[in-house]
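What follows is the content of my_file.pdb, which has PDB, C-alpha atoms:
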ATOM      1  CA  ASN A   5       1.598   6.516  16.059
ATOM      2  CA  MET A   6      -0.721   5.289  13.314
ATOM      3  CA  LEU A   7       2.039   5.143  10.716
ATOM      4  CA  ASN A   8       4.078   2.759  12.896
ATOM      5  CA  ASP A   9       1.020   0.575  13.432
ATOM      6  CA  LEU A  10       0.275   0.479   9.697
ATOM      7  CA  VAL A  11       3.812  -0.637   8.853
ATOM      8  CA  LYS A  12       3.744  -3.317  11.567
ATOM      9  CA  GLU A  13       0.284  -4.716  10.808
ATOM     10  CA  GLN A  14       0.100  -3.853   7.041
ATOM     11  CA  ARG A  15      -3.659  -3.140   7.363
ATOM     12  CA  LEU A  16      -5.674  -0.849   9.649
ATOM     13  CA  GLU A  17      -9.360  -0.071   9.981
ATOM     14  CA  MET A  18     -10.179   3.547  10.795
ATOM     15  CA  THR A  19     -12.382   6.421   9.697
ATOM     16  CA  LEU A  20     -12.254   7.399   6.039
ATOM     17  CA  PRO A  21     -10.749  10.894   6.546
ATOM     18  CA  LYS A  22      -7.988   9.468   8.770
ATOM     19  CA  ALA A  23      -7.218   6.757   6.205
ATOM     20  CA  LYS A  24      -6.956   9.270   3.366
ATOM     21  CA  GLU A  25      -4.643  11.487   5.428
ATOM     22  CA  LEU A  26      -2.466   8.554   6.519
ATOM     23  CA  GLN A  27      -2.168   7.299   2.941
ATOM     24  CA  GLN A  28       0.097  10.156   1.850
ATOM     25  CA  TYR A  29       2.552   9.500   4.674
ATOM     26  CA  ALA A  30       2.473   5.726   4.109
ATOM     27  CA  GLU A  31       3.322   6.246   0.436
ATOM     28  CA  GLU A  32       6.062   8.730   1.265
ATOM     29  CA  ILE A  33       7.979   6.514   3.700
ATOM     30  CA  VAL A  34       8.204   3.655   1.178
ATOM     31  CA  PHE A  35       9.242   6.098  -1.557
ATOM     32  CA  LEU A  36      11.952   7.605   0.655
ATOM     33  CA  ALA A  37      13.166   4.218   1.925
ATOM     34  CA  LYS A  38      13.628   2.992  -1.655
ATOM     35  CA  LYS A  39      16.098   5.824  -2.348
ATOM     36  CA  ASN A  40      18.540   4.303   0.212
ATOM     37  CA  THR A  41      20.699   7.351   0.941
ATOM     38  CA  PRO A  42      21.723   8.616   4.397
ATOM     39  CA  TYR A  43      19.628  11.761   3.960
ATOM     40  CA  HIS A  44      16.463   9.853   3.042
ATOM     41  CA  ASP A  45      17.126   7.300   5.810
ATOM     42  CA  GLY A  46      17.114  10.183   8.278
ATOM     43  CA  LEU A  47      13.767  11.373   6.942
ATOM     44  CA  VAL A  48      12.315   7.880   7.310
ATOM     45  CA  GLU A  49      13.700   7.652  10.844
ATOM     46  CA  SER A  50      12.045  10.942  11.757
ATOM     47  CA  MET A  51       8.662   9.676  10.493
ATOM     48  CA  LEU A  52       8.825   6.119  11.859
ATOM     49  CA  THR A  53       9.699   6.297  15.539
ATOM     50  CA  SER A  54       9.634   2.546  16.242
ATOM     51  CA  PRO A  55      12.790   0.540  15.425
ATOM     52  CA  GLU A  56      10.629  -2.522  14.746
ATOM     53  CA  SER A  57       8.591  -0.718  12.082
ATOM     54  CA  ARG A  58      11.776   0.609  10.431
ATOM     55  CA  ARG A  59      13.175  -2.938  10.331
ATOM     56  CA  ILE A  60       9.953  -4.216   8.703
ATOM     57  CA  LEU A  61      10.052  -1.361   6.194
ATOM     58  CA  TYR A  62      13.629  -1.998   5.067
ATOM     59  CA  GLU A  63      13.636  -5.813   5.244
ATOM     60  CA  ARG A  64      10.195  -6.680   3.866
ATOM     61  CA  MET A  65       8.583  -3.723   2.135
ATOM     62  CA  VAL A  66      11.428  -2.154   0.145
ATOM     63  CA  PRO A  67      12.252  -5.461  -1.655
ATOM     64  CA  ARG A  68       8.520  -6.059  -2.248
ATOM     65  CA  TYR A  69       8.085  -2.707  -4.010
ATOM     66  CA  THR A  70      11.254  -2.563  -6.125
ATOM     67  CA  ASP A  71       9.254  -2.809  -9.378
ATOM     68  CA  ARG A  72       6.381  -0.590  -8.229
ATOM     69  CA  MET A  73       7.124   3.122  -8.636
ATOM     70  CA  PHE A  74       4.156   4.447  -6.613
ATOM     71  CA  HIS A  75       0.678   3.415  -5.362
ATOM     72  CA  PHE A  76       1.936   1.235  -2.512
ATOM     73  CA  THR A  77      -1.270   1.605  -0.481
ATOM     74  CA  ARG A  78      -4.990   1.324  -1.054
ATOM     75  CA  VAL A  79      -7.936   2.803   0.845
ATOM     76  CA  LEU A  80     -11.087   0.688   0.790
ATOM     77  CA  ASN A  81     -14.292   2.469   1.722
ATOM     78  CA  HIS A  82     -16.577   0.086   3.624
ATOM     79  CA  PHE A  83     -19.710   2.192   3.101
ATOM     80  CA  LYS A  84     -20.615   1.543   6.712
ATOM     81  CA  TYR A  85     -20.752   3.993   9.578
ATOM     82  CA  ARG A  86     -19.547   3.820  13.144
ATOM     83  CA  PHE A  87     -22.496   3.543  15.521
ATOM     84  CA  ARG A  88     -21.536   6.115  18.137
ATOM     85  CA  ASP A  89     -20.846   9.082  15.836
ATOM     86  CA  SER A  90     -21.823   7.970  12.295
ATOM     87  CA  ALA A  91     -18.268   8.362  10.990
ATOM     88  CA  PRO A  92     -17.600   6.612   7.654
ATOM     89  CA  MET A  93     -15.261   3.638   8.104
ATOM     90  CA  ALA A  94     -12.465   2.485   5.780
ATOM     91  CA  THR A  95      -9.483   0.156   5.631
ATOM     92  CA  ILE A  96      -6.001   1.232   4.563
ATOM     93  CA  GLU A  97      -3.617  -1.507   3.499
ATOM     94  CA  TYR A  98      -0.361  -2.037   1.658
ATOM     95  CA  VAL A  99      -0.758  -3.802  -1.702
ATOM     96  CA  ASP A 100       1.147  -6.924  -2.887
ATOM     97  CA  ARG A 101       1.222  -8.509   0.544
ATOM     98  CA  PRO A 102       0.011 -11.921   1.645
ATOM     99  CA  GLY A 103      -3.604 -11.915   2.788
ATOM    100  CA  GLU A 104      -4.680  -8.671   1.135
ATOM    101  CA  LEU A 105      -8.385  -8.048   0.599
ATOM    102  CA  ARG A 106      -8.161  -7.547  -3.172
ATOM    103  CA  PRO A 107      -5.068  -8.422  -5.244
ATOM    104  CA  ALA A 108      -3.305  -5.508  -6.922
ATOM    105  CA  ASN A 109      -2.560  -5.254 -10.618
ATOM    106  CA  PRO A 110       0.837  -6.844 -11.344
ATOM    107  CA  VAL A 111       3.851  -4.729 -12.326
ATOM    108  CA  GLY A 112       7.136  -5.446 -14.106
ATOM    109  CA  ALA A 113       7.744  -8.960 -15.429
ATOM    110  CA  ALA A 114       4.636 -10.255 -13.672
ATOM    111  CA  ARG A 115       2.579  -7.748 -15.679
ATOM    112  CA  ASP A 116       3.994  -9.101 -18.956
ATOM    113  CA  GLN A 117       3.119 -12.667 -17.946
ATOM    114  CA  PHE A 118      -0.372 -11.608 -16.881
ATOM    115  CA  VAL A 119      -1.049  -9.845 -20.199
ATOM    116  CA  ALA A 120       0.291 -12.811 -22.206
ATOM    117  CA  ALA A 121      -1.887 -15.284 -20.305
ATOM    118  CA  GLU A 122      -4.971 -13.097 -20.665
ATOM    119  CA  PHE A 123      -4.236 -12.506 -24.368
ATOM    120  CA  LEU A 124      -4.086 -16.235 -25.075
ATOM    121  CA  ALA A 125      -7.036 -17.179 -22.860
ATOM    122  CA  THR A 126     -10.029 -15.510 -24.527
ATOM    123  CA  PRO A 127     -11.022 -13.469 -27.584
ATOM    124  CA  ARG A 128     -11.939 -10.618 -25.236
ATOM    125  CA  GLY A 129      -8.397 -10.677 -23.848
ATOM    126  CA  ARG A 130      -7.000 -10.442 -27.386
ATOM    127  CA  ARG A 131      -9.172  -7.408 -28.117
ATOM    128  CA  LYS A 132      -8.280  -5.797 -24.789
ATOM    129  CA  HIS A 133      -4.490  -6.120 -25.153
ATOM    130  CA  ALA A 134      -4.131  -5.888 -28.933
TER     131      ALA A 134
END
Output the structure of this file as C-alpha coordinates.
Amino acid sequence: NMLNDLVKEQRLEMTLPKAKELQQYAEEIVFLAKKNTPYHDGLVESMLTSPESRRILYERMVPRYTDRMFHFTRVLNHFKYRFRDSAPMATIEYVDRPGELRPANPVGAARDQFVAAEFLATPRGRRKHA
(Lines of atoms letter the chains of each structure in order from A and count residues from 1; the text may use other names and numbers.)
(Lines give C-alpha, C1' and ligand atoms only; values in the text may rest on other atoms or scores of the structure.)
Protein backbone atom coordinates (compact mmCIF):
# COMPACT_ATOMS: atom_id res chain seq x y z
CA ASN A 1 0.00 0.00 0.00
CA MET A 2 1.52 3.30 -1.09
CA LEU A 3 -0.10 5.26 1.73
CA ASN A 4 1.55 3.01 4.34
CA ASP A 5 4.91 3.41 2.61
CA LEU A 6 4.54 7.20 2.50
CA VAL A 7 3.80 7.40 6.22
CA LYS A 8 6.74 5.12 7.06
CA GLU A 9 9.32 6.76 4.78
CA GLN A 10 7.86 10.35 4.72
CA ARG A 11 8.94 10.74 1.05
CA LEU A 12 8.29 8.67 -2.08
CA GLU A 13 9.28 9.04 -5.71
CA MET A 14 6.64 7.97 -8.22
CA THR A 15 4.86 9.15 -11.34
CA LEU A 16 3.18 12.54 -11.21
CA PRO A 17 -0.43 11.30 -11.59
CA LYS A 18 0.08 8.73 -8.80
CA ALA A 19 1.59 11.39 -6.53
CA LYS A 20 -1.32 13.78 -7.09
CA GLU A 21 -3.84 11.01 -6.38
CA LEU A 22 -2.00 9.86 -3.25
CA GLN A 23 -1.77 13.42 -1.93
CA GLN A 24 -5.49 13.64 -1.14
CA TYR A 25 -5.39 10.46 0.94
CA ALA A 26 -2.17 11.49 2.71
CA GLU A 27 -3.76 14.81 3.69
CA GLU A 28 -6.96 13.12 4.82
CA ILE A 29 -5.35 10.63 7.21
CA VAL A 30 -3.47 13.38 9.07
CA PHE A 31 -6.63 15.50 9.20
CA LEU A 32 -8.67 12.60 10.58
CA ALA A 33 -5.97 11.53 13.05
CA LYS A 34 -5.84 15.05 14.50
CA LYS A 35 -9.54 14.85 15.43
CA ASN A 36 -8.74 12.04 17.94
CA THR A 37 -12.20 10.49 18.31
CA PRO A 38 -13.04 6.77 18.16
CA TYR A 39 -14.97 7.25 14.91
CA HIS A 40 -12.11 9.05 13.16
CA ASP A 41 -9.59 6.54 14.56
CA GLY A 42 -11.59 3.79 12.88
CA LEU A 43 -11.45 5.65 9.58
CA VAL A 44 -7.69 6.04 9.89
CA GLU A 45 -7.36 2.34 10.74
CA SER A 46 -9.32 1.40 7.64
CA MET A 47 -7.00 3.50 5.44
CA LEU A 48 -3.68 2.59 7.06
CA THR A 49 -3.45 -1.19 7.26
CA SER A 50 0.01 -1.39 8.86
CA PRO A 51 0.22 -1.02 12.66
CA GLU A 52 3.70 0.48 12.29
CA SER A 53 2.46 3.27 10.02
CA ARG A 54 -0.44 4.03 12.40
CA ARG A 55 2.04 4.27 15.29
CA ILE A 56 4.22 6.69 13.28
CA LEU A 57 1.16 8.75 12.37
CA TYR A 58 -0.08 9.16 15.94
CA GLU A 59 3.30 9.46 17.71
CA ARG A 60 5.27 11.63 15.28
CA MET A 61 3.03 13.29 12.72
CA VAL A 62 0.00 14.42 14.74
CA PRO A 63 2.16 16.40 17.24
CA ARG A 64 4.19 17.84 14.33
CA TYR A 65 1.08 19.22 12.62
CA THR A 66 -0.87 20.58 15.60
CA ASP A 67 -0.46 24.19 14.40
CA ARG A 68 -0.91 23.41 10.70
CA MET A 69 -4.57 23.18 9.67
CA PHE A 70 -4.01 21.69 6.19
CA HIS A 71 -1.33 21.34 3.46
CA PHE A 72 0.62 18.59 5.21
CA THR A 73 2.11 17.25 1.96
CA ARG A 74 3.86 18.63 -1.08
CA VAL A 75 4.25 17.23 -4.60
CA LEU A 76 7.46 18.22 -6.36
CA ASN A 77 7.49 17.77 -10.12
CA HIS A 78 10.97 16.71 -11.26
CA PHE A 79 10.39 17.62 -14.91
CA LYS A 80 12.10 14.39 -15.87
CA TYR A 81 10.61 11.34 -17.51
CA ARG A 82 10.98 7.65 -16.85
CA PHE A 83 13.00 6.01 -19.61
CA ARG A 84 10.87 2.95 -20.32
CA ASP A 85 7.49 4.66 -20.80
CA SER A 86 8.16 8.44 -20.67
CA ALA A 87 5.99 8.90 -17.57
CA PRO A 88 6.54 12.21 -15.73
CA MET A 89 8.22 11.65 -12.35
CA ALA A 90 7.53 13.45 -9.06
CA THR A 91 8.23 13.25 -5.35
CA ILE A 92 5.55 13.41 -2.67
CA GLU A 93 6.69 14.28 0.84
CA TYR A 94 5.35 15.44 4.18
CA VAL A 95 6.37 19.00 5.09
CA ASP A 96 8.03 20.13 8.37
CA ARG A 97 10.10 16.99 8.73
CA PRO A 98 13.84 16.60 9.12
CA GLY A 99 15.65 16.26 5.80
CA GLU A 100 12.94 17.69 3.56
CA LEU A 101 13.89 18.91 0.10
CA ARG A 102 12.57 22.46 0.56
CA PRO A 103 11.56 23.92 3.95
CA ALA A 104 7.89 24.81 4.35
CA ASN A 105 6.58 28.20 5.37
CA PRO A 106 6.34 28.38 9.18
CA VAL A 107 2.97 28.43 10.96
CA GLY A 108 1.79 29.55 14.40
CA ALA A 109 4.33 31.14 16.75
CA ALA A 110 7.18 30.26 14.40
CA ARG A 111 5.47 32.33 11.70
CA ASP A 112 5.36 35.37 14.00
CA GLN A 113 9.07 35.02 14.76
CA PHE A 114 9.89 34.60 11.07
CA VAL A 115 7.95 37.74 10.10
CA ALA A 116 9.54 39.77 12.92
CA ALA A 117 13.05 38.69 11.92
CA GLU A 118 12.41 39.43 8.25
CA PHE A 119 10.80 42.79 9.10
CA LEU A 120 13.85 43.90 11.07
CA ALA A 121 16.43 42.50 8.63
CA THR A 122 15.92 44.54 5.46
CA PRO A 123 13.93 47.46 4.04
CA ARG A 124 12.33 45.03 1.60
CA GLY A 125 11.12 42.94 4.54
CA ARG A 126 9.57 46.04 6.12
CA ARG A 127 7.71 46.84 2.90
CA LYS A 128 6.60 43.22 2.49
CA HIS A 129 5.16 42.81 6.00
CA ALA A 130 4.01 46.37 6.71
Find the residues near Lys38 of chain A: any atom within 7 Å, counting all atoms listed in the file, skip ones fewer than 3 places away on the same chain, and give them as a CSV table (one decimal) with C-alpha atoms, in the coordinates of the input.
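New file around-v1.csv:
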chain,number,residue,atom,x,y,z
A,34,VAL,CA,8.2,3.7,1.2
A,35,PHE,CA,9.2,6.1,-1.6
A,66,VAL,CA,11.4,-2.2,0.1
Review point. Could you state the separation of atom CA of Gln27 of chain A and atom CA of Arg106 of chain A in Å, given to one decimal place?
Key: 17.1 Å
Practice item. Would you mind telling me which residue in A:Met73, A:Leu16, A:Met6, A:Phe118 lies nearest to Leu36 of chain A when using only C-alpha atoms? Key: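 Ranking A:Met73, A:Leu16, A:Met6, A:Phe118 by distance to Leu36 of chain A, first place goes to A:Met73.
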Practice item. Using the chain letters and residue numbers of this document, give as a PyMOL selection string the residues selected by the PyMOL selection byres ((chain A and resi 97) around 6). Key: chain A and resi 14-15+77-78+96+98
Check your understanding: Any idea what the distance is between atom CA of His82 of chain A and atom CA of Pro107 of chain A?
Key ->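 Computed distance, atom CA of His82 of chain A to atom CA of Pro107 of chain A, equals 16.8 Å.
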Apply the PyMOL selection byres ((chain A and resi 81) around 8) to the file shown and report the selected residues as a PDB file with C-alpha atoms, in the frame of the given file.
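As a result, result_2.pdb now contains:
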ATOM      1  CA  LEU A  20     -12.254   7.399   6.039  1.00  0.00           C
ATOM      2  CA  VAL A  79      -7.936   2.803   0.845  1.00  0.00           C
ATOM      3  CA  LEU A  80     -11.087   0.688   0.790  1.00  0.00           C
ATOM      4  CA  HIS A  82     -16.577   0.086   3.624  1.00  0.00           C
ATOM      5  CA  PHE A  83     -19.710   2.192   3.101  1.00  0.00           C
ATOM      6  CA  PRO A  92     -17.600   6.612   7.654  1.00  0.00           C
ATOM      7  CA  MET A  93     -15.261   3.638   8.104  1.00  0.00           C
ATOM      8  CA  ALA A  94     -12.465   2.485   5.780  1.00  0.00           C
ATOM      9  CA  THR A  95      -9.483   0.156   5.631  1.00  0.00           C
TER      10      THR A  95
END
Practice item. Taking (11.2, -0.9, -10.8) in the file's own coordinates, collect the residues within 10 Å, counting all atoms listed in the file, and hand them back as a PyMOL selection string. Key: chain A and resi 69-74+111-113
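For the file at hand, the PyMOL selection byres ((chain A and resi 62) around 12) resolves to Val11, Lys12, Ile33, Val34, Phe35, Leu36, Ala37, Lys38, Lys39, Asn40, Asp45, Val48, Glu49, Leu52, Pro55, Glu56, Ser57, Arg58, Arg59, Ile60, Leu61, Glu63, Arg64, Met65, Val66, Pro67, Arg68, Tyr69 and Thr70 of chain A.
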Exercise for review: For atom CA of Thr53 of chain A and atom CA of Lys22 of chain A, determine how far apart the two atoms are, in Å to one decimal place.
Suggested key: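 Atom CA of Lys22 of chain A lies at a distance of 19.2 Å from atom CA of Thr53 of chain A.
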